[in-house]
>>> print(open('work-v6.cif').read())   # mmCIF, C-alpha atoms and all ligand atoms
data_final
loop_
_atom_site.label_atom_id
_atom_site.label_comp_id
_atom_site.auth_asym_id
_atom_site.auth_seq_id
_atom_site.Cartn_x
_atom_site.Cartn_y
_atom_site.Cartn_z
CA MET A 1 130.93 65.13 104.09
CA ARG A 2 127.99 66.26 101.96
CA HIS A 3 128.85 68.80 99.25
CA HIS A 4 126.34 71.24 97.81
CA ARG A 5 127.21 73.41 94.83
CA ILE A 6 125.69 76.88 95.23
CA ALA A 7 125.45 79.55 92.53
CA ALA A 8 125.34 83.00 94.13
CA ILE A 9 123.87 85.82 92.03
CA PRO A 10 124.11 88.95 94.20
CA GLY A 11 122.74 91.24 91.44
CA ASP A 12 122.04 94.93 91.98
CA GLY A 13 121.62 97.50 94.74
CA ILE A 14 121.58 95.96 98.21
CA GLY A 15 121.65 92.48 96.66
CA PRO A 16 125.45 92.12 97.08
CA GLU A 17 125.25 93.40 100.68
CA VAL A 18 122.65 90.88 101.81
CA VAL A 19 124.06 87.96 99.81
CA THR A 20 127.56 88.59 101.22
CA ALA A 21 126.06 88.57 104.72
CA ALA A 22 124.18 85.33 104.02
CA LEU A 23 127.24 83.58 102.55
CA GLU A 24 129.23 84.55 105.63
CA VAL A 25 126.55 83.12 107.91
CA LEU A 26 126.27 79.96 105.79
CA ALA A 27 130.04 79.40 105.90
CA VAL A 28 130.07 79.63 109.70
CA LEU A 29 127.01 77.40 109.94
CA ALA A 30 128.55 74.74 107.68
CA ALA A 31 131.82 74.80 109.64
CA ARG A 32 130.02 74.41 112.96
CA ASP A 33 127.68 71.73 111.63
CA GLY A 34 130.58 69.71 110.30
CA GLY A 35 128.38 67.48 108.13
CA PHE A 36 128.21 69.45 104.91
CA ARG A 37 130.16 71.89 102.77
CA LEU A 38 128.89 74.58 100.41
CA ASP A 39 130.96 75.19 97.29
CA VAL A 40 129.92 78.68 96.24
CA THR A 41 130.45 80.19 92.80
CA SER A 42 129.48 83.84 92.40
CA PHE A 43 128.14 85.28 89.16
CA GLY A 44 128.48 89.00 88.48
CA TRP A 45 125.24 89.18 86.54
CA GLY A 46 122.95 92.20 86.72
CA SER A 47 122.56 95.78 85.58
CA ASP A 48 126.28 96.62 85.53
CA ARG A 49 126.83 93.78 83.10
CA TYR A 50 123.86 95.04 81.07
CA ARG A 51 125.42 98.51 80.78
CA ARG A 52 128.74 96.97 79.70
CA THR A 53 127.56 94.26 77.35
CA GLY A 54 123.84 94.77 76.64
CA ALA A 55 122.77 91.63 78.52
CA LEU A 56 122.23 90.96 82.22
CA MET A 57 123.63 87.46 81.91
CA PRO A 58 125.39 85.48 79.17
CA ALA A 59 123.30 83.74 76.52
CA ASP A 60 124.09 80.36 78.09
CA GLY A 61 123.46 81.63 81.65
CA VAL A 62 120.57 79.30 82.35
CA ALA A 63 122.58 76.34 81.08
CA GLN A 64 125.48 77.30 83.37
CA LEU A 65 123.14 77.28 86.36
CA ARG A 66 121.93 73.75 85.65
CA GLY A 67 125.17 72.37 87.05
CA PHE A 68 124.41 73.66 90.57
CA ASP A 69 122.34 72.23 93.42
CA ALA A 70 120.77 75.59 94.34
CA ILE A 71 120.91 79.29 93.54
CA LEU A 72 121.06 82.13 96.07
CA PHE A 73 119.85 85.34 94.48
CA GLY A 74 120.02 88.91 95.82
CA ALA A 75 118.01 91.49 93.89
CA VAL A 76 117.86 92.98 90.43
CA GLY A 77 116.80 96.42 89.24
CA ALA A 78 118.50 99.77 88.66
CA PRO A 79 117.18 103.32 88.38
CA ASP A 80 118.59 103.83 84.87
CA VAL A 81 117.51 100.50 83.32
CA PRO A 82 113.82 99.88 82.63
CA ASP A 83 112.37 97.44 85.17
CA HIS A 84 110.94 95.12 82.52
CA VAL A 85 114.42 94.78 81.00
CA THR A 86 116.08 93.79 84.27
CA LEU A 87 113.24 91.49 85.28
CA TRP A 88 112.99 89.59 82.00
CA GLY A 89 116.76 89.63 81.47
CA LEU A 90 117.65 87.84 84.68
CA ARG A 91 115.14 86.75 87.31
CA LEU A 92 112.33 85.68 85.03
CA ALA A 93 114.77 84.24 82.51
CA ILE A 94 116.10 81.98 85.26
CA CYS A 95 112.73 81.08 86.85
CA GLN A 96 111.10 80.32 83.52
CA GLY A 97 114.25 78.86 81.94
CA LEU A 98 114.64 76.34 84.77
CA ASP A 99 110.86 75.89 85.09
CA GLN A 100 110.86 76.79 88.79
CA PHE A 101 107.10 76.73 88.77
CA ALA A 102 106.37 76.93 92.48
CA ASN A 103 107.16 80.18 94.23
CA VAL A 104 106.81 79.69 97.98
CA ARG A 105 106.54 82.63 100.37
CA PRO A 106 106.20 81.90 104.08
CA THR A 107 105.05 84.73 106.32
CA ARG A 108 105.27 84.80 110.10
CA ILE A 109 105.57 87.55 112.66
CA LEU A 110 109.02 86.72 113.98
CA PRO A 111 109.76 87.36 117.67
CA GLY A 112 110.56 90.99 118.47
CA VAL A 113 108.92 92.24 115.27
CA GLN A 114 105.86 94.48 115.42
CA SER A 115 102.95 93.88 113.04
CA PRO A 116 101.13 97.04 111.93
CA LEU A 117 97.88 95.22 112.74
CA ARG A 118 96.35 96.28 116.04
CA GLY A 119 96.34 93.76 118.88
CA ILE A 120 97.97 90.98 116.87
CA GLY A 121 100.34 88.55 118.58
CA PRO A 122 102.98 86.39 116.92
CA ASP A 123 100.70 83.37 116.64
CA ALA A 124 98.02 85.22 114.71
CA LEU A 125 99.83 85.09 111.42
CA ASP A 126 101.48 81.95 110.07
CA TRP A 127 100.95 81.69 106.34
CA VAL A 128 102.55 80.23 103.28
CA ILE A 129 101.65 81.83 99.98
CA VAL A 130 102.18 79.60 96.95
CA ARG A 131 102.60 81.63 93.79
CA GLU A 132 102.25 80.08 90.35
CA ASN A 133 105.63 81.00 88.89
CA SER A 134 105.67 79.98 85.25
CA GLU A 135 102.67 81.38 83.40
CA GLY A 136 99.52 83.39 84.16
CA GLU A 137 99.95 87.13 83.88
CA TYR A 138 103.76 86.73 83.62
CA ALA A 139 103.64 84.51 80.53
CA GLY A 140 105.06 87.30 78.43
CA GLN A 141 102.40 86.96 75.74
CA GLY A 142 101.29 90.13 74.04
CA GLY A 143 102.54 92.91 71.88
CA ARG A 144 102.29 96.50 70.74
CA SER A 145 101.24 97.93 67.41
CA HIS A 146 100.85 101.43 65.94
CA ARG A 147 103.41 102.87 68.34
CA GLY A 148 102.94 106.54 69.10
CA GLN A 149 99.73 106.80 67.10
CA PRO A 150 96.35 107.66 68.60
CA HIS A 151 95.17 104.13 67.87
CA GLU A 152 98.22 102.53 69.48
CA ILE A 153 97.34 99.17 70.97
CA ALA A 154 99.00 96.91 73.53
CA THR A 155 97.89 93.46 74.63
CA GLU A 156 99.00 91.57 77.70
CA THR A 157 97.59 88.08 77.64
CA ALA A 158 97.44 85.89 80.72
CA ILE A 159 97.97 82.19 79.98
CA PHE A 160 96.50 79.41 82.09
CA THR A 161 97.22 75.86 81.01
CA ARG A 162 95.74 72.72 82.55
CA THR A 163 99.27 71.42 83.11
CA GLY A 164 100.41 74.65 84.73
CA VAL A 165 97.41 75.07 86.98
CA GLU A 166 97.20 71.44 87.98
CA ARG A 167 100.85 71.15 89.01
CA ILE A 168 100.76 74.26 91.20
CA MET A 169 97.44 73.17 92.70
CA ARG A 170 98.82 69.71 93.58
CA PHE A 171 101.91 71.33 95.05
CA ALA A 172 99.78 73.68 97.19
CA PHE A 173 97.44 70.94 98.42
CA GLU A 174 100.44 68.76 99.35
CA LEU A 175 102.11 71.64 101.15
CA ALA A 176 98.88 72.38 103.04
CA ARG A 177 98.63 68.72 103.98
CA ALA A 178 102.13 68.82 105.46
CA ARG A 179 101.28 71.77 107.71
CA PRO A 180 99.54 71.28 111.06
CA ARG A 181 96.29 73.04 110.18
CA ARG A 182 95.84 71.36 106.79
CA ARG A 183 93.97 74.32 105.40
CA LEU A 184 94.22 75.85 101.92
CA THR A 185 92.68 78.98 100.46
CA VAL A 186 92.47 79.07 96.67
CA VAL A 187 92.53 82.67 95.47
CA THR A 188 91.17 83.74 92.08
CA LYS A 189 89.17 86.45 90.41
CA SER A 190 86.89 84.05 88.61
CA ASN A 191 83.90 86.37 88.71
CA ALA A 192 85.59 88.84 86.37
CA GLN A 193 88.20 86.64 84.68
CA ARG A 194 85.75 84.08 83.42
CA HIS A 195 88.00 81.78 81.36
CA GLY A 196 91.40 81.14 82.88
CA LEU A 197 90.33 81.55 86.46
CA VAL A 198 87.21 79.44 86.09
CA LEU A 199 89.57 76.72 84.85
CA TRP A 200 91.64 77.42 87.98
CA ASP A 201 88.54 76.90 90.20
CA GLU A 202 87.59 73.68 88.40
CA ILE A 203 91.08 72.21 88.74
CA ALA A 204 91.14 73.16 92.44
CA ALA A 205 87.96 71.14 92.98
CA GLU A 206 89.41 68.18 91.05
CA VAL A 207 92.69 68.14 92.96
CA ALA A 208 90.86 68.60 96.28
CA ARG A 209 89.13 65.27 95.76
CA ASP A 210 92.55 63.56 95.77
CA VAL A 211 93.64 65.27 98.98
CA PRO A 212 90.63 64.93 101.31
CA GLU A 213 92.75 65.60 104.44
CA VAL A 214 92.98 69.26 103.44
CA SER A 215 90.02 71.54 104.08
CA TRP A 216 89.95 74.27 101.49
CA ASP A 217 87.99 77.34 100.53
CA LYS A 218 87.93 79.86 97.71
CA MET A 219 88.40 83.61 97.89
CA LEU A 220 88.31 86.37 95.33
CA VAL A 221 91.60 88.25 95.44
CA ASP A 222 90.05 91.59 96.41
CA ALA A 223 88.17 90.07 99.32
CA MET A 224 91.34 88.19 100.26
CA THR A 225 93.12 91.48 101.08
CA VAL A 226 90.33 92.23 103.58
CA ARG A 227 90.52 88.78 105.13
CA MET A 228 94.32 88.96 105.45
CA THR A 229 93.98 92.28 107.25
CA LEU A 230 90.97 91.59 109.47
CA HIS A 231 91.06 87.83 110.06
CA PRO A 232 94.69 86.73 109.67
CA GLN A 233 94.18 83.76 112.00
CA SER A 234 91.71 82.21 109.57
CA ILE A 235 94.39 81.72 106.89
CA ASP A 236 97.08 79.04 106.61
CA THR A 237 98.25 78.03 103.12
CA VAL A 238 97.26 80.13 100.10
CA VAL A 239 97.58 79.44 96.38
CA ALA A 240 97.15 82.15 93.75
CA THR A 241 98.13 83.15 90.26
CA ASN A 242 101.46 84.71 89.45
CA LEU A 243 100.27 88.34 89.66
CA HIS A 244 97.69 87.92 92.41
CA ALA A 245 100.21 86.19 94.66
CA ASP A 246 102.83 88.81 93.82
CA ILE A 247 100.54 91.47 95.24
CA LEU A 248 99.26 89.43 98.18
CA SER A 249 102.79 88.50 99.23
CA ASP A 250 103.80 92.16 99.51
CA LEU A 251 100.75 92.74 101.70
CA ALA A 252 101.66 89.66 103.74
CA ALA A 253 105.24 90.90 104.22
CA ALA A 254 104.03 94.30 105.37
CA LEU A 255 101.50 92.78 107.78
CA ALA A 256 104.25 90.61 109.26
CA GLY A 257 106.31 93.69 110.08
CA SER A 258 108.72 94.41 107.22
CA ILE A 259 109.40 93.56 103.62
CA GLY A 260 113.04 93.25 104.73
CA ILE A 261 112.28 89.94 106.42
CA ALA A 262 110.26 88.01 103.86
CA PRO A 263 111.88 85.10 101.98
CA THR A 264 111.12 83.36 98.70
CA ALA A 265 111.84 79.97 97.20
CA ASN A 266 111.48 79.47 93.44
CA LEU A 267 111.19 75.71 93.35
CA ASP A 268 111.39 73.10 90.69
CA PRO A 269 109.62 70.46 92.81
CA THR A 270 110.61 67.78 90.27
CA ARG A 271 114.27 68.55 91.11
CA ARG A 272 115.27 68.31 87.48
CA ALA A 273 116.74 71.82 87.80
CA PRO A 274 118.21 73.75 90.72
CA SER A 275 115.80 75.88 92.73
CA MET A 276 116.47 79.54 93.49
CA PHE A 277 116.19 81.31 96.85
CA GLU A 278 115.96 85.08 97.31
CA PRO A 279 114.64 87.76 99.62
CA ILE A 280 111.31 89.15 98.49
CA HIS A 281 112.59 92.75 98.61
CA GLY A 282 114.14 94.54 95.66
CA SER A 283 117.44 96.30 95.03
CA ALA A 284 116.51 99.30 97.27
CA PHE A 285 118.74 101.93 95.68
CA ASP A 286 117.77 104.49 98.30
CA ILE A 287 119.78 102.61 100.94
CA THR A 288 122.43 100.91 98.77
CA GLY A 289 125.96 101.21 100.12
CA LYS A 290 124.84 102.51 103.51
CA GLY A 291 125.32 99.17 105.24
CA ILE A 292 121.83 99.21 106.74
CA ALA A 293 119.98 96.70 104.54
CA ASN A 294 118.12 94.07 106.52
CA PRO A 295 119.79 90.73 105.75
CA VAL A 296 117.04 88.67 107.43
CA GLY A 297 115.05 88.09 104.22
CA THR A 298 118.18 86.54 102.70
CA PHE A 299 119.01 84.57 105.86
CA TRP A 300 115.49 83.11 105.91
CA SER A 301 115.78 82.34 102.18
CA ALA A 302 119.12 80.64 102.87
CA ALA A 303 117.39 78.53 105.54
CA MET A 304 114.79 77.50 102.96
CA MET A 305 117.66 76.61 100.63
CA LEU A 306 119.26 74.39 103.28
CA ASP A 307 115.90 72.69 103.85
CA HIS A 308 115.58 72.04 100.14
CA LEU A 309 119.12 70.58 100.08
CA GLY A 310 118.16 68.21 102.89
CA GLU A 311 120.16 70.07 105.56
CA THR A 312 117.12 70.39 107.80
CA ALA A 313 119.00 70.54 111.11
CA ALA A 314 121.20 73.37 109.83
CA ALA A 315 118.15 75.17 108.47
CA ALA A 316 116.42 75.00 111.86
CA ARG A 317 119.59 76.17 113.58
CA LEU A 318 119.85 79.16 111.26
CA MET A 319 116.21 80.14 111.81
CA ALA A 320 116.61 79.83 115.59
CA ALA A 321 119.62 82.17 115.42
CA VAL A 322 117.67 84.63 113.25
CA GLU A 323 114.74 84.60 115.67
CA GLY A 324 117.08 85.03 118.62
CA ALA A 325 118.76 88.04 117.01
CA LEU A 326 115.46 89.65 116.03
CA ALA A 327 114.15 89.31 119.58
CA ASP A 328 116.78 91.91 120.57
CA PRO A 329 115.65 95.36 119.33
CA ALA A 330 119.29 96.48 119.37
CA CYS A 331 119.77 94.28 116.28
CA HIS A 332 116.92 95.87 114.33
CA THR A 333 117.80 97.59 111.06
CA PRO A 334 115.97 100.83 110.11
CA ASP A 335 113.17 99.02 108.19
CA LEU A 336 112.22 97.54 111.59
CA GLY A 337 112.43 100.90 113.31
CA GLY A 338 115.94 100.36 114.70
CA THR A 339 119.38 101.78 114.00
CA ALA A 340 121.42 98.58 113.63
CA THR A 341 123.58 97.86 110.61
CA THR A 342 123.67 94.82 108.34
CA ARG A 343 126.98 93.97 110.04
CA ALA A 344 125.47 94.09 113.54
CA MET A 345 122.54 91.86 112.60
CA THR A 346 124.88 89.44 110.83
CA ASP A 347 127.19 89.27 113.85
CA ALA A 348 124.23 88.64 116.16
CA VAL A 349 123.02 85.75 114.00
CA ILE A 350 126.53 84.26 113.83
CA ALA A 351 126.80 84.54 117.61
CA GLY A 352 123.43 82.82 117.94
CA LEU A 353 124.48 79.83 115.82
CA GLY A 354 126.33 78.41 118.81
CA ARG A 355 129.45 76.28 118.69
C1 LIG A 401 108.59 89.73 93.42
C2 LIG A 401 108.89 91.01 92.72
C3 LIG A 401 109.06 90.81 91.24
C4 LIG A 401 107.82 90.21 90.64
C5 LIG A 401 109.45 92.12 90.56
C6 LIG A 401 110.83 92.54 90.98
C7 LIG A 401 109.30 92.10 89.10
O1 LIG A 401 107.92 91.94 92.98
O2 LIG A 401 109.41 88.82 93.38
O3 LIG A 401 107.53 89.63 94.03
O4 LIG A 401 106.84 90.89 90.38
O5 LIG A 401 107.79 89.01 90.45
MG MG A 402 106.47 91.29 94.30
#
>>> encode(input="work-v6.cif", output="structure tokens")
Amino acid sequence: MRHHRIAAIPGDGIGPEVVTAALEVLAVLAARDGGFRLDVTSFGWGSDRYRRTGALMPADGVAQLRGFDAILFGAVGAPDVPDHVTLWGLRLAICQGLDQFANVRPTRILPGVQSPLRGIGPDALDWVIVRENSEGEYAGQGGRSHRGQPHEIATETAIFTRTGVERIMRFAFELARARPRRRLTVVTKSNAQRHGLVLWDEIAAEVARDVPEVSWDKMLVDAMTVRMTLHPQSIDTVVATNLHADILSDLAAALAGSIGIAPTANLDPTRRAPSMFEPIHGSAFDITGKGIANPVGTFWSAAMMLDHLGETAAAARLMAAVEGALADPACHTPDLGGTATTRAMTDAVIAGLGR
């Protein structure tokens, strides 16, 4: 029996609802698979803890997580706590603390889901966006002076290191090579951002020479939004900076039908530290507690987690059950235009796992 130690961090808002649903599905899946067991430890970190103690997680939180094989994360963010506090206090502290430098965001139009694009079938959109997850515009470099004065100044410095750019570029080229179309689009804004993103372009060309099986092209991020909307079939794997990919992945999720479906993996490809898996959506306070959050983004993230843990058969089985459930409009939660509950979708996926 293979054992995997999972840290669950449900977090805020609908996070606990979708993580509970995913843990239930994972437990059934493991029992029916029979080959592996998940030992889950839940951490009550998030905004409630911040209100009580002044910190979203304990000072040694990142060190505690190192003992696990993977992390399943829900969402973080609360209406009464500034977003930069919650983000830097938990999610970014974990991603950067464990050096999970590759953020991977697959996008597909799953069966039964309607894309807002006109005349687009399910095969038209099959992308993976690779987001640089350790530096760039999220490096946290900058400061503020002369607060409240007319000459107040704030700087926000993006950092691009050769090490950081090269490792994400190699990861993206390798991922593109492993996909059937072997095609990579390198996104920058190197016309306007003439230092860091010119370095990014140069490193892309260098790495490309080592991976000749992959055909690649370059796009400026603004033009990329047009291409994603008008020519989705022309895109396969995409690599972009931390902020650019943040924005493009929201667009991708919307074009694929709902932000409630999209998954994320924050990977440490070196496997020195555990990787973290989470739905792309946020804490969604407008629907918290109503039992209508779409758990599919977390289910898909859980499937990515199983893949990462080497449980590829179980991962495929989970995705097949998710696709089967989505194909039935009666299982659609309100973000997909339906009236189903989290419970109903979860039950349908469990039923679809088979014996
Ligand atoms: C994401 C989110 C986060 C980010 C937010 C919650 C700060 O939008 O994971 O894409 O910008 O990284
Ligand atoms: Mg985002």
>>> closest_residue(input="work-v6.cif", among="A:Arg227, A:Arg162, A:Arg271, A:His151", to="Ala102 of chain A", atoms="all atoms listed in the file")
A:Arg271
>>> closest_atom_pairs(input="work-v6.cif", of="chain A", to="ligand MG 402 (chain A)", cutoff="7 Å", atoms="all atoms listed in the file", output="JSON lines")
{"residue": "A:Asp246", "atom": "CA", "partner": "A:MG402", "partner_atom": "MG", "distance": 4.4}
{"residue": "A:Ile247", "atom": "CA", "partner": "A:MG402", "partner_atom": "MG", "distance": 6.0}
{"residue": "A:Ser249", "atom": "CA", "partner": "A:MG402", "partner_atom": "MG", "distance": 6.8}
{"residue": "A:Asp250", "atom": "CA", "partner": "A:MG402", "partner_atom": "MG", "distance": 5.9}
{"residue": "A:Ile280", "atom": "CA", "partner": "A:MG402", "partner_atom": "MG", "distance": 6.7}
>>> residues_near_ligand(input="work-v6.cif", ligand="ligand LIG 401 (chain A)", cutoff="9 Å", atoms="only C-alpha atoms and all ligand atoms", output="PyMOL selection string")
chain A and resi 75-77+83-84+86-88+91-92+103+133+138+242-243+245-247+249-250+264+278-283
>>> closest_residue(input="work-v6.cif", among="A:Val113, A:Ala303, A:Ala31, A:Ala7", to="Ala330 of chain A", atoms="all atoms listed in the file")
A:Val113
>>> atom_distance(input="work-v6.cif", atom1="atom CA of Phe43 of chain A", atom2="atom CA of Pro269 of chain A")
24.0 Å
>>> closest_residue(input="work-v6.cif", among="A:Ile292, A:Ala63, A:Ile109, A:Ala316", to="Gly121 of chain A", atoms="all atoms listed in the file")
A:Ile109
>>> residues_around(input="work-v6.cif", residues="Gly74 of chain A", least_positions_apart="5", cutoff="9 Å", atoms="only C-alpha atoms", output="PyMOL selection string")
chain A and resi 8-19+277-279+281-283+298
>>> closest_residue(input="work-v6.cif", among="A:Ala176, A:His308, A:Ile235, A:Leu199", to="Asp123 of chain A", atoms="all atoms listed in the file")
A:Ile235
>>> closest_residue(input="work-v6.cif", among="A:Met276, A:Ala302, A:Ala21, A:Ala314", to="Thr346 of chain A", atoms="only C-alpha atoms")
A:Ala21
>>> closest_residue(input="work-v6.cif", among="A:Gly46, A:Gly34, A:Gly148, A:Pro212", to="Met1 of chain A", atoms="only C-alpha atoms")
A:Gly34
>>> axis_aligned_box(input="work-v6.cif", around="segment 77-81 of chain A", padding_each_side="3 Å", output="AutoDock Vina command-line options")
--center_x 117.7 --center_y 100.1 --center_z 86.3 --size_x 7.8 --size_y 13.4 --size_z 11.9
>>> residues_around(input="work-v6.cif", residues="segment 322-325 of chain A", least_positions_apart="2", cutoff="6 Å", atoms="all atoms listed in the file", output="NGL selection string")
:A and (319-320 or 327-328 or 348-349)
>>> residues_near_point(input="work-v6.cif", point="(108.3, 81.2, 82.8)", cutoff="10 Å", atoms="all atoms listed in the file", output="PDB file with C-alpha atoms, in the frame of the given file")
ATOM      1  CA  TRP A  88     112.990  89.590  82.000  1.00  0.00           C
ATOM      2  CA  ARG A  91     115.140  86.750  87.310  1.00  0.00           C
ATOM      3  CA  LEU A  92     112.330  85.680  85.030  1.00  0.00           C
ATOM      4  CA  ALA A  93     114.770  84.240  82.510  1.00  0.00           C
ATOM      5  CA  ILE A  94     116.100  81.980  85.260  1.00  0.00           C
ATOM      6  CA  CYS A  95     112.730  81.080  86.850  1.00  0.00           C
ATOM      7  CA  GLN A  96     111.100  80.320  83.520  1.00  0.00           C
ATOM      8  CA  GLY A  97     114.250  78.860  81.940  1.00  0.00           C
ATOM      9  CA  LEU A  98     114.640  76.340  84.770  1.00  0.00           C
ATOM     10  CA  ASP A  99     110.860  75.890  85.090  1.00  0.00           C
ATOM     11  CA  GLN A 100     110.860  76.790  88.790  1.00  0.00           C
ATOM     12  CA  PHE A 101     107.100  76.730  88.770  1.00  0.00           C
ATOM     13  CA  GLU A 132     102.250  80.080  90.350  1.00  0.00           C
ATOM     14  CA  ASN A 133     105.630  81.000  88.890  1.00  0.00           C
ATOM     15  CA  SER A 134     105.670  79.980  85.250  1.00  0.00           C
ATOM     16  CA  GLU A 135     102.670  81.380  83.400  1.00  0.00           C
ATOM     17  CA  GLY A 136      99.520  83.390  84.160  1.00  0.00           C
ATOM     18  CA  TYR A 138     103.760  86.730  83.620  1.00  0.00           C
ATOM     19  CA  ALA A 139     103.640  84.510  80.530  1.00  0.00           C
ATOM     20  CA  GLY A 140     105.060  87.300  78.430  1.00  0.00           C
TER      21      GLY A 140
END
>>> residues_around(input="work-v6.cif", residues="His4 of chain A", least_positions_apart="3", cutoff="7 Å", atoms="all atoms listed in the file", output="PyMOL selection string")
chain A and resi 37-39+69
>>> atom_distance(input="work-v6.cif", atom1="atom CA of Phe299 of chain A", atom2="atom CA of Gly35 of chain A")
19.6 Å
>>> atom_distance(input="work-v6.cif", atom1="atom CA of Ala344 of chain A", atom2="atom CA of Leu326 of chain A")
11.2 Å
>>> residues_around(input="work-v6.cif", residues="Gly337 of chain A", least_positions_apart="5", cutoff="12 Å", atoms="all atoms listed in the file", output="PyMOL selection string")
chain A and resi 112-115+257-258+260+292+294+326+329-332
